[in-house]
Amino acid sequence: MKILVTGGTGYIGSHTCVQLIEKGWQPVIIDSLVNSKISVLDRIQQITGTRPTFIEGDVRNADLLQKVLTEHAIEAVIHFAGLKSVGESVNLPLKYYDNNVHGSVVLIQAMKQCHVKTLVFSSSATVYGDASEPPWNEQVPTAPTNPYGQSKLMVDQIMADVSISDAAWSMTSLRYFNPVGAHPSGLMGEDPQGVPNNLMPFLAQVAVGRREALQVFGNDYPTPDGTGVRDYIHVTDLASGHVAALGYAHGRSGHFIFNLGSGQGISVLQMHHAFSAACGRALPFVLSPRRPGDIAAYWADPEHAQRTFNWEAKKSIDDMCQDTWRWQSQNPNGYP
Ligand code: NAD
Ligand code: UFG
């Protein structure tokens with residue numbers, strides 16, 4: 001199967017391309033490189049022996065999309081391309097709606113034009129409201145609190161509406177919890193530009209000496225150790241979730257929604273402890289005030305994916321930290 005992978009040189013997309021190739025499928029990547037580097041392709045080739053076809057371009061370019069879908073005889077699309085900084089989305093909402101929502105509409109229109117009707121989309125747990133007790137299943141009411149989350153929910157809704165309008169569509173929204181970790185080879189991983197917003201890449205940069213100390217945002221939450229609790233999922237488990245979801249959805253009609261998480265809640269201090277063990281020294285941290293907009297604790301109920309396409313996250317917190325450390329220590333400044 002030939003699969004168009006938008007955003008395929010990014011963090012989750014690149015790990016998914018590796019597994020698509022290992023499955024015998026052929027990824028064709030389109031990426032604007034706005035948040036990734038072309039050298040990712042060398043790493044995919046080093047790991048798999050295959051260099052995926054790459055087209056530099058923007059998903060908002062309808063003509064380019066139609067050309068790629070047709071010329072490469074694409075059968076399905078996995079749509080990772082998007083912007084993902086919650087804070088930036090609050091300050092620049094139009095940039096987020098244009099890139100994430102308009103970009104998805106252009107993509108779906110081009111797919112319709114070219115009769116490619118299988119789409120798997122990167123949605124997020126951030127679409128859920130925080131009123132429900134964890135674990136969160138797919139029925140938890142949605143209530144995103146920022147433009148980034150809104151943009152994901154809008155695309156989920158567009159996919160639902162389009163699939164109702166035409167039974168030939170197979171639409172799948174995968175709602176990721178917190179993706180972390182790296183390829184076990186140490187060749188691929190997360191490479192944020194500037195100061196990392198997220199816990200794991202920040203810890204990794206403290207470990208290699210690029211940052212002085214981790215700030216723990218709040219230790220007065222109603223959680224066992226007072227710090228925020230999240231559901232961290234290893235990026236290779238997340239990648240295998242895409243392969244499994246696509247295998248299930250291709251040829252089935254409708255809009256499917258699945259949570260992809262481990263089902264386990266881990267605190268900031270537990271993660272700090274595991275990373276310190278992985279890199280062999282107690283990493284410095286300071287207790288800081290809560291980060292505005294954060295919630296205390298949530299994790300996934302991933303049973304729907306397990307029951308439907310027999311997928312579950314297998315890797316432990318120690319695997320996530322060891323693999324991130326291998327990637328970061330071998331590539332202290334990220335991709336060349
Ligand atoms: P990433 O930034 O590493 O990858 C996204 C890729 O898309 C980048 O390579 C970027 O250059 C490309 N891109 C962005 N806008 C584009 C456009 N208009 N046209 C073409 N290419 C474009 O991010 P990631 O962590 O791999 O996330 C992938 C997807 O998963 C995103 O849609 C993100 O919102 C979603 N997601 C991520 C997380 C997370 O915590 N990492 C959680 C939930 C959902
Ligand atoms: N944290 C710190 N210090 C840091 C960074 C984070 O203590 O330097 C804490 C946060 O307060 C939170 C936990 O670590 O308790 C996780 O924070 P992240 O920023 O790593 O992740 P979030 O859960 O805030 O959000 C992430 C992505 C969103 C996505 C969401 C999906 O950033 O885009 O997961 O559940 F939508």
# chains A, B, ... in the order shown; residues from 1 in each chain; ligands from 1

$ residues_around --residues "segment 285-294 of chain A" --least-positions-apart "5" --cutoff "6 Å" --atoms "only C-alpha atoms" --output "PyMOL selection string"
chain A and resi 213-218

$ residues_around --residues "segment 108-121 of chain A" --least-positions-apart "4" --cutoff "9 Å" --atoms "only C-alpha atoms" --output "NGL selection string"
:A and (62-63 or 65-66 or 69-70 or 74-80 or 103-104 or 155-156 or 159 or 162 or 168-175 or 242 or 245-246 or 249-253)

$ residues_around --residues "Lys314 of chain A" --least-positions-apart "6" --cutoff "9 Å" --atoms "only C-alpha atoms" --output "number ranges by chain"
A: 233-234, 237, 262

$ closest_residue --among "A:Asp161, A:Glu88, A:Asp42, A:Glu56" --to "ligand 1" --atoms "only C-alpha atoms and all ligand atoms"
A:Glu56

$ residues_near_ligand --ligand "ligand 2" --cutoff "7 Å" --atoms "only C-alpha atoms and all ligand atoms" --output "list of chain:residue names"
A:Lys84, A:Ser85, A:Val86, A:Ser124, A:Ala125, A:Thr126, A:Gly149, A:Tyr176, A:Phe177, A:Asn178, A:Asn197, A:Asn198, A:Leu199, A:Met200, A:Phe202, A:Leu214, A:Gln215, A:Val216, A:Phe217, A:Gly218, A:Thr227, A:Gly228, A:Val229, A:Arg230, A:Val268, A:Arg290, A:Arg291, A:Asp294, A:Ala296

$ select_by_dssp --residues "segment 95-199 of chain A" --states "alpha helix (DSSP H)" --output "NGL selection string"
:A and (95-96 or 103-113 or 147-165 or 199)

$ residues_near_ligand --ligand "ligand 1" --cutoff "8 Å" --atoms "only C-alpha atoms and all ligand atoms" --output "PyMOL selection string"
chain A and resi 6-14+30-37+56-60+79-85+99-100+103+121-126+148+152+175-180+190-192+198

$ write_last_selection --atoms "N, CA and C atoms" --output "short mmCIF file (atom, residue, chain, number, x, y, z; two decimals), in the first residue's frame"
data_model
loop_
_atom_site.label_atom_id
_atom_site.label_comp_id
_atom_site.auth_asym_id
_atom_site.auth_seq_id
_atom_site.Cartn_x
_atom_site.Cartn_y
_atom_site.Cartn_z
N THR A 6 1.72 13.10 5.58
CA THR A 6 1.97 14.54 5.72
C THR A 6 2.68 14.75 7.06
N GLY A 7 3.66 15.63 7.08
CA GLY A 7 4.40 15.84 8.34
C GLY A 7 5.30 14.65 8.67
N GLY A 8 5.70 13.91 7.64
CA GLY A 8 6.43 12.65 7.85
C GLY A 8 7.87 12.79 8.28
N THR A 9 8.45 14.01 8.20
CA THR A 9 9.80 14.17 8.75
C THR A 9 9.75 14.66 10.20
N GLY A 10 8.55 14.87 10.74
CA GLY A 10 8.42 15.29 12.13
C GLY A 10 8.63 14.12 13.10
N TYR A 11 8.46 14.43 14.36
CA TYR A 11 8.77 13.46 15.43
C TYR A 11 7.95 12.17 15.30
N ILE A 12 6.65 12.27 15.34
CA ILE A 12 5.82 11.06 15.32
C ILE A 12 5.76 10.48 13.90
N GLY A 13 5.70 11.37 12.91
CA GLY A 13 5.63 10.91 11.52
C GLY A 13 6.84 10.09 11.11
N SER A 14 8.03 10.50 11.53
CA SER A 14 9.24 9.78 11.12
C SER A 14 9.26 8.37 11.73
N ILE A 30 5.17 14.21 2.52
CA ILE A 30 5.14 15.63 2.16
C ILE A 30 5.30 16.42 3.46
N ASP A 31 6.26 17.34 3.47
CA ASP A 31 6.50 18.13 4.68
C ASP A 31 7.11 19.46 4.25
N SER A 32 6.69 20.54 4.91
CA SER A 32 7.22 21.87 4.58
C SER A 32 8.54 22.14 5.30
N LEU A 33 8.94 21.24 6.19
CA LEU A 33 10.15 21.37 7.00
C LEU A 33 10.08 22.58 7.95
N VAL A 34 8.86 23.05 8.25
CA VAL A 34 8.73 24.19 9.15
C VAL A 34 9.17 23.80 10.56
N ASN A 35 9.05 22.51 10.90
CA ASN A 35 9.48 22.09 12.23
C ASN A 35 10.23 20.76 12.20
N SER A 36 10.96 20.52 11.11
CA SER A 36 11.76 19.28 11.07
C SER A 36 12.90 19.47 10.08
N LYS A 37 13.82 18.51 10.07
CA LYS A 37 15.01 18.63 9.22
C LYS A 37 15.02 17.50 8.19
N GLU A 56 9.06 18.25 -0.69
CA GLU A 56 9.00 19.42 0.19
C GLU A 56 7.83 20.29 -0.24
N GLY A 57 6.89 20.53 0.67
CA GLY A 57 5.74 21.34 0.30
C GLY A 57 4.76 21.45 1.45
N ASP A 58 3.78 22.32 1.24
CA ASP A 58 2.81 22.63 2.28
C ASP A 58 1.47 21.95 1.97
N VAL A 59 0.83 21.43 2.99
CA VAL A 59 -0.46 20.76 2.75
C VAL A 59 -1.56 21.75 2.33
N ARG A 60 -1.30 23.02 2.46
CA ARG A 60 -2.31 23.98 2.00
C ARG A 60 -2.20 24.23 0.49
N HIS A 79 -2.19 11.89 8.30
CA HIS A 79 -2.04 13.36 8.32
C HIS A 79 -1.48 13.84 9.67
N PHE A 80 -0.13 13.97 9.71
CA PHE A 80 0.54 14.49 10.91
C PHE A 80 0.79 15.99 10.82
N ALA A 81 0.85 16.53 9.61
CA ALA A 81 1.32 17.92 9.44
C ALA A 81 0.43 18.88 10.23
N GLY A 82 1.06 19.64 11.10
CA GLY A 82 0.32 20.61 11.89
C GLY A 82 1.27 21.30 12.85
N LEU A 83 0.78 22.38 13.42
CA LEU A 83 1.55 23.07 14.44
C LEU A 83 1.03 22.62 15.80
N LYS A 84 1.90 22.59 16.82
CA LYS A 84 1.48 21.91 18.05
C LYS A 84 1.80 22.63 19.36
N SER A 85 2.18 23.91 19.28
CA SER A 85 2.50 24.59 20.54
C SER A 85 1.25 25.25 21.12
N ASN A 99 -3.23 26.79 9.53
CA ASN A 99 -2.37 25.63 9.27
C ASN A 99 -3.11 24.31 9.55
N ASN A 100 -3.72 24.23 10.72
CA ASN A 100 -4.27 22.93 11.15
C ASN A 100 -5.66 22.65 10.57
N GLY A 103 -5.53 23.68 6.45
CA GLY A 103 -4.64 22.67 5.84
C GLY A 103 -5.35 21.32 5.71
N PHE A 121 -5.84 10.62 11.11
CA PHE A 121 -5.50 11.98 11.53
C PHE A 121 -4.95 12.00 12.95
N SER A 122 -3.93 12.86 13.16
CA SER A 122 -3.34 13.08 14.49
C SER A 122 -4.23 14.01 15.30
N SER A 123 -5.13 13.44 16.08
CA SER A 123 -5.88 14.27 17.03
C SER A 123 -5.17 14.20 18.38
N SER A 124 -5.82 14.67 19.42
CA SER A 124 -5.10 14.81 20.69
C SER A 124 -6.04 14.68 21.87
N ALA A 125 -5.51 14.19 22.97
CA ALA A 125 -6.28 14.12 24.22
C ALA A 125 -6.66 15.51 24.71
N THR A 126 -5.99 16.51 24.16
CA THR A 126 -6.26 17.88 24.58
C THR A 126 -7.66 18.35 24.15
N TYR A 148 -5.19 25.56 19.84
CA TYR A 148 -4.60 24.32 19.33
C TYR A 148 -5.59 23.17 19.50
N LYS A 152 -7.86 20.84 16.62
CA LYS A 152 -7.92 19.37 16.51
C LYS A 152 -9.36 18.90 16.52
N ARG A 175 -6.47 9.93 19.03
CA ARG A 175 -6.24 10.94 20.07
C ARG A 175 -5.08 10.51 20.95
N TYR A 176 -3.93 11.15 20.70
CA TYR A 176 -2.71 10.78 21.42
C TYR A 176 -2.74 11.40 22.81
N PHE A 177 -2.20 10.66 23.77
CA PHE A 177 -1.94 11.25 25.08
C PHE A 177 -0.52 11.86 24.99
N ASN A 178 0.42 11.56 25.86
CA ASN A 178 1.70 12.30 25.78
C ASN A 178 2.80 11.47 25.12
N PRO A 179 3.06 11.71 23.82
CA PRO A 179 4.09 10.93 23.13
C PRO A 179 5.50 11.33 23.61
N VAL A 180 6.30 10.35 23.96
CA VAL A 180 7.69 10.59 24.38
C VAL A 180 8.55 9.44 23.88
N GLU A 190 12.98 13.12 19.37
CA GLU A 190 12.32 14.43 19.34
C GLU A 190 13.39 15.51 19.34
N ASP A 191 13.20 16.52 18.48
CA ASP A 191 14.23 17.54 18.30
C ASP A 191 13.59 18.93 18.29
N PRO A 192 13.07 19.34 19.46
CA PRO A 192 12.36 20.63 19.48
C PRO A 192 13.31 21.80 19.22
N ASN A 198 7.86 20.88 26.65
CA ASN A 198 7.37 19.63 27.25
C ASN A 198 8.38 19.00 28.18
#

$ atom_distance --atom1 "atom CA of Leu92 of chain A" --atom2 "atom CA of Thr142 of chain A"
22.1 Å

$ residues_around --residues "Ile47 of chain A" --least-positions-apart "2" --cutoff "9 Å" --atoms "only C-alpha atoms" --output "short mmCIF file (atom, residue, chain, number, x, y, z; two decimals) with all heavy atoms, in the first residue's frame"
data_model
loop_
_atom_site.label_atom_id
_atom_site.label_comp_id
_atom_site.auth_asym_id
_atom_site.auth_seq_id
_atom_site.Cartn_x
_atom_site.Cartn_y
_atom_site.Cartn_z
N VAL A 18 9.09 4.59 9.65
CA VAL A 18 9.93 3.41 9.87
C VAL A 18 9.06 2.15 9.95
O VAL A 18 9.34 1.13 9.30
CB VAL A 18 10.78 3.57 11.16
CG1 VAL A 18 11.39 2.24 11.59
CG2 VAL A 18 11.88 4.60 10.93
N ASP A 42 17.84 10.51 6.13
CA ASP A 42 19.05 9.66 6.23
C ASP A 42 18.88 8.63 7.34
O ASP A 42 19.29 7.48 7.22
CB ASP A 42 20.30 10.51 6.52
CG ASP A 42 20.55 11.55 5.45
OD1 ASP A 42 20.13 11.32 4.29
OD2 ASP A 42 21.16 12.60 5.77
N ARG A 43 18.28 9.09 8.44
CA ARG A 43 18.13 8.20 9.60
C ARG A 43 17.10 7.10 9.32
O ARG A 43 17.29 5.94 9.70
CB ARG A 43 17.74 9.01 10.84
CG ARG A 43 18.73 10.15 11.18
CD ARG A 43 20.10 9.58 11.52
NE ARG A 43 21.12 10.60 11.76
CZ ARG A 43 21.37 11.15 12.97
NH1 ARG A 43 20.67 10.80 14.01
NH2 ARG A 43 22.34 12.04 13.11
N ILE A 44 16.03 7.47 8.65
CA ILE A 44 15.02 6.45 8.28
C ILE A 44 15.69 5.41 7.39
O ILE A 44 15.51 4.20 7.56
CB ILE A 44 13.80 7.10 7.57
CG1 ILE A 44 13.06 8.04 8.53
CG2 ILE A 44 12.86 6.02 7.03
CD1 ILE A 44 11.88 8.79 7.89
N GLN A 45 16.52 5.89 6.47
CA GLN A 45 17.22 4.97 5.56
C GLN A 45 18.21 4.08 6.31
O GLN A 45 18.32 2.89 6.04
CB GLN A 45 17.95 5.78 4.48
CG GLN A 45 18.60 4.92 3.42
CD GLN A 45 19.13 5.74 2.25
OE1 GLN A 45 19.19 6.97 2.31
NE2 GLN A 45 19.50 5.06 1.19
N GLY A 49 16.90 0.69 5.67
CA GLY A 49 17.48 0.36 4.37
C GLY A 49 16.72 0.96 3.21
O GLY A 49 17.06 0.75 2.05
N THR A 50 15.66 1.68 3.50
CA THR A 50 14.83 2.29 2.44
C THR A 50 14.72 3.78 2.68
O THR A 50 14.48 4.22 3.81
CB THR A 50 13.40 1.69 2.46
OG1 THR A 50 13.51 0.28 2.27
CG2 THR A 50 12.53 2.29 1.38
N SER A 185 17.37 2.61 18.46
CA SER A 185 18.71 2.70 17.85
C SER A 185 19.45 3.96 18.30
O SER A 185 20.66 4.07 18.14
CB SER A 185 18.58 2.75 16.33
OG SER A 185 17.86 3.92 15.96
N LEU A 187 18.99 6.69 16.76
CA LEU A 187 19.16 7.47 15.52
C LEU A 187 18.06 8.50 15.31
O LEU A 187 18.24 9.46 14.56
CB LEU A 187 19.21 6.53 14.31
CG LEU A 187 20.50 5.71 14.16
CD1 LEU A 187 20.31 4.60 13.12
CD2 LEU A 187 21.66 6.62 13.77
#

$ residues_around --residues "Phe275 of chain A" --least-positions-apart "5" --cutoff "9 Å" --atoms "only C-alpha atoms" --output "list in words"
Met200, Leu203, Ala204, Ala207, Gln270, Gly280, Arg281, Ala282, Leu283, Ile317, Asp318, Met320, Cys321, Gln322, Thr324 and Trp325 of chain A

$ write_last_selection --atoms "N, CA, C and O atoms" --output "PDB file, in the first residue's frame"
ATOM      1  N   MET A 200       9.556  15.830  28.820  1.00  0.00           N
ATOM      2  CA  MET A 200      10.592  14.856  28.446  1.00  0.00           C
ATOM      3  C   MET A 200      11.758  15.491  27.682  1.00  0.00           C
ATOM      4  O   MET A 200      12.911  15.280  28.048  1.00  0.00           O
ATOM      5  N   LEU A 203      13.843  17.487  30.158  1.00  0.00           N
ATOM      6  CA  LEU A 203      14.689  16.621  30.990  1.00  0.00           C
ATOM      7  C   LEU A 203      15.906  16.145  30.207  1.00  0.00           C
ATOM      8  O   LEU A 203      17.038  16.127  30.719  1.00  0.00           O
ATOM      9  N   ALA A 204      15.678  15.772  28.947  1.00  0.00           N
ATOM     10  CA  ALA A 204      16.774  15.258  28.111  1.00  0.00           C
ATOM     11  C   ALA A 204      17.845  16.336  27.916  1.00  0.00           C
ATOM     12  O   ALA A 204      19.044  16.047  27.929  1.00  0.00           O
ATOM     13  N   ALA A 207      19.852  16.715  30.976  1.00  0.00           N
ATOM     14  CA  ALA A 207      20.774  15.579  31.091  1.00  0.00           C
ATOM     15  C   ALA A 207      22.045  15.779  30.268  1.00  0.00           C
ATOM     16  O   ALA A 207      23.125  15.375  30.694  1.00  0.00           O
ATOM     17  N   GLN A 270       8.020  11.192  39.251  1.00  0.00           N
ATOM     18  CA  GLN A 270       8.329   9.807  38.834  1.00  0.00           C
ATOM     19  C   GLN A 270       9.134   9.811  37.543  1.00  0.00           C
ATOM     20  O   GLN A 270      10.073   9.034  37.370  1.00  0.00           O
ATOM     21  N   GLY A 280      22.050   8.046  34.698  1.00  0.00           N
ATOM     22  CA  GLY A 280      23.070   7.711  35.683  1.00  0.00           C
ATOM     23  C   GLY A 280      23.460   8.842  36.619  1.00  0.00           C
ATOM     24  O   GLY A 280      24.506   8.777  37.267  1.00  0.00           O
ATOM     25  N   ARG A 281      22.646   9.897  36.709  1.00  0.00           N
ATOM     26  CA  ARG A 281      22.908  10.911  37.730  1.00  0.00           C
ATOM     27  C   ARG A 281      21.611  11.619  38.100  1.00  0.00           C
ATOM     28  O   ARG A 281      20.692  11.709  37.277  1.00  0.00           O
ATOM     29  N   ALA A 282      21.563  12.095  39.360  1.00  0.00           N
ATOM     30  CA  ALA A 282      20.344  12.767  39.826  1.00  0.00           C
ATOM     31  C   ALA A 282      20.267  14.134  39.145  1.00  0.00           C
ATOM     32  O   ALA A 282      21.092  15.016  39.404  1.00  0.00           O
ATOM     33  N   LEU A 283      19.314  14.311  38.254  1.00  0.00           N
ATOM     34  CA  LEU A 283      19.219  15.559  37.499  1.00  0.00           C
ATOM     35  C   LEU A 283      18.693  16.686  38.392  1.00  0.00           C
ATOM     36  O   LEU A 283      17.763  16.471  39.178  1.00  0.00           O
ATOM     37  N   ILE A 317       8.019   3.128  31.315  1.00  0.00           N
ATOM     38  CA  ILE A 317       8.617   4.442  31.551  1.00  0.00           C
ATOM     39  C   ILE A 317      10.147   4.343  31.451  1.00  0.00           C
ATOM     40  O   ILE A 317      10.807   5.246  30.929  1.00  0.00           O
ATOM     41  N   ASP A 318      10.708   3.234  31.948  1.00  0.00           N
ATOM     42  CA  ASP A 318      12.172   3.074  31.856  1.00  0.00           C
ATOM     43  C   ASP A 318      12.615   2.986  30.390  1.00  0.00           C
ATOM     44  O   ASP A 318      13.625   3.581  30.009  1.00  0.00           O
ATOM     45  N   MET A 320      11.112   4.390  27.887  1.00  0.00           N
ATOM     46  CA  MET A 320      10.972   5.746  27.325  1.00  0.00           C
ATOM     47  C   MET A 320      12.188   6.596  27.689  1.00  0.00           C
ATOM     48  O   MET A 320      12.740   7.312  26.855  1.00  0.00           O
ATOM     49  N   CYS A 321      12.609   6.511  28.953  1.00  0.00           N
ATOM     50  CA  CYS A 321      13.735   7.343  29.407  1.00  0.00           C
ATOM     51  C   CYS A 321      15.054   6.848  28.821  1.00  0.00           C
ATOM     52  O   CYS A 321      15.882   7.647  28.371  1.00  0.00           O
ATOM     53  N   GLN A 322      15.262   5.525  28.801  1.00  0.00           N
ATOM     54  CA  GLN A 322      16.525   4.989  28.258  1.00  0.00           C
ATOM     55  C   GLN A 322      16.667   5.324  26.772  1.00  0.00           C
ATOM     56  O   GLN A 322      17.740   5.715  26.309  1.00  0.00           O
ATOM     57  N   THR A 324      15.164   7.793  25.114  1.00  0.00           N
ATOM     58  CA  THR A 324      15.353   9.248  24.948  1.00  0.00           C
ATOM     59  C   THR A 324      16.792   9.626  25.279  1.00  0.00           C
ATOM     60  O   THR A 324      17.415  10.441  24.582  1.00  0.00           O
ATOM     61  N   TRP A 325      17.320   9.031  26.321  1.00  0.00           N
ATOM     62  CA  TRP A 325      18.705   9.331  26.716  1.00  0.00           C
ATOM     63  C   TRP A 325      19.690   8.878  25.641  1.00  0.00           C
ATOM     64  O   TRP A 325      20.635   9.600  25.297  1.00  0.00           O
TER      65      TRP A 325
END

$ select_by_dssp --residues "segment 151-235 of chain A" --states "strand (DSSP E or B)" --output "VMD selection string"
chain A and resid 170 to 176 178 to 180 214 to 217 229 to 230 232 to 234

$ atom_distance --atom1 "atom CA of Gln306 of chain A" --atom2 "atom CA of Ala239 of chain A"
14.7 Å
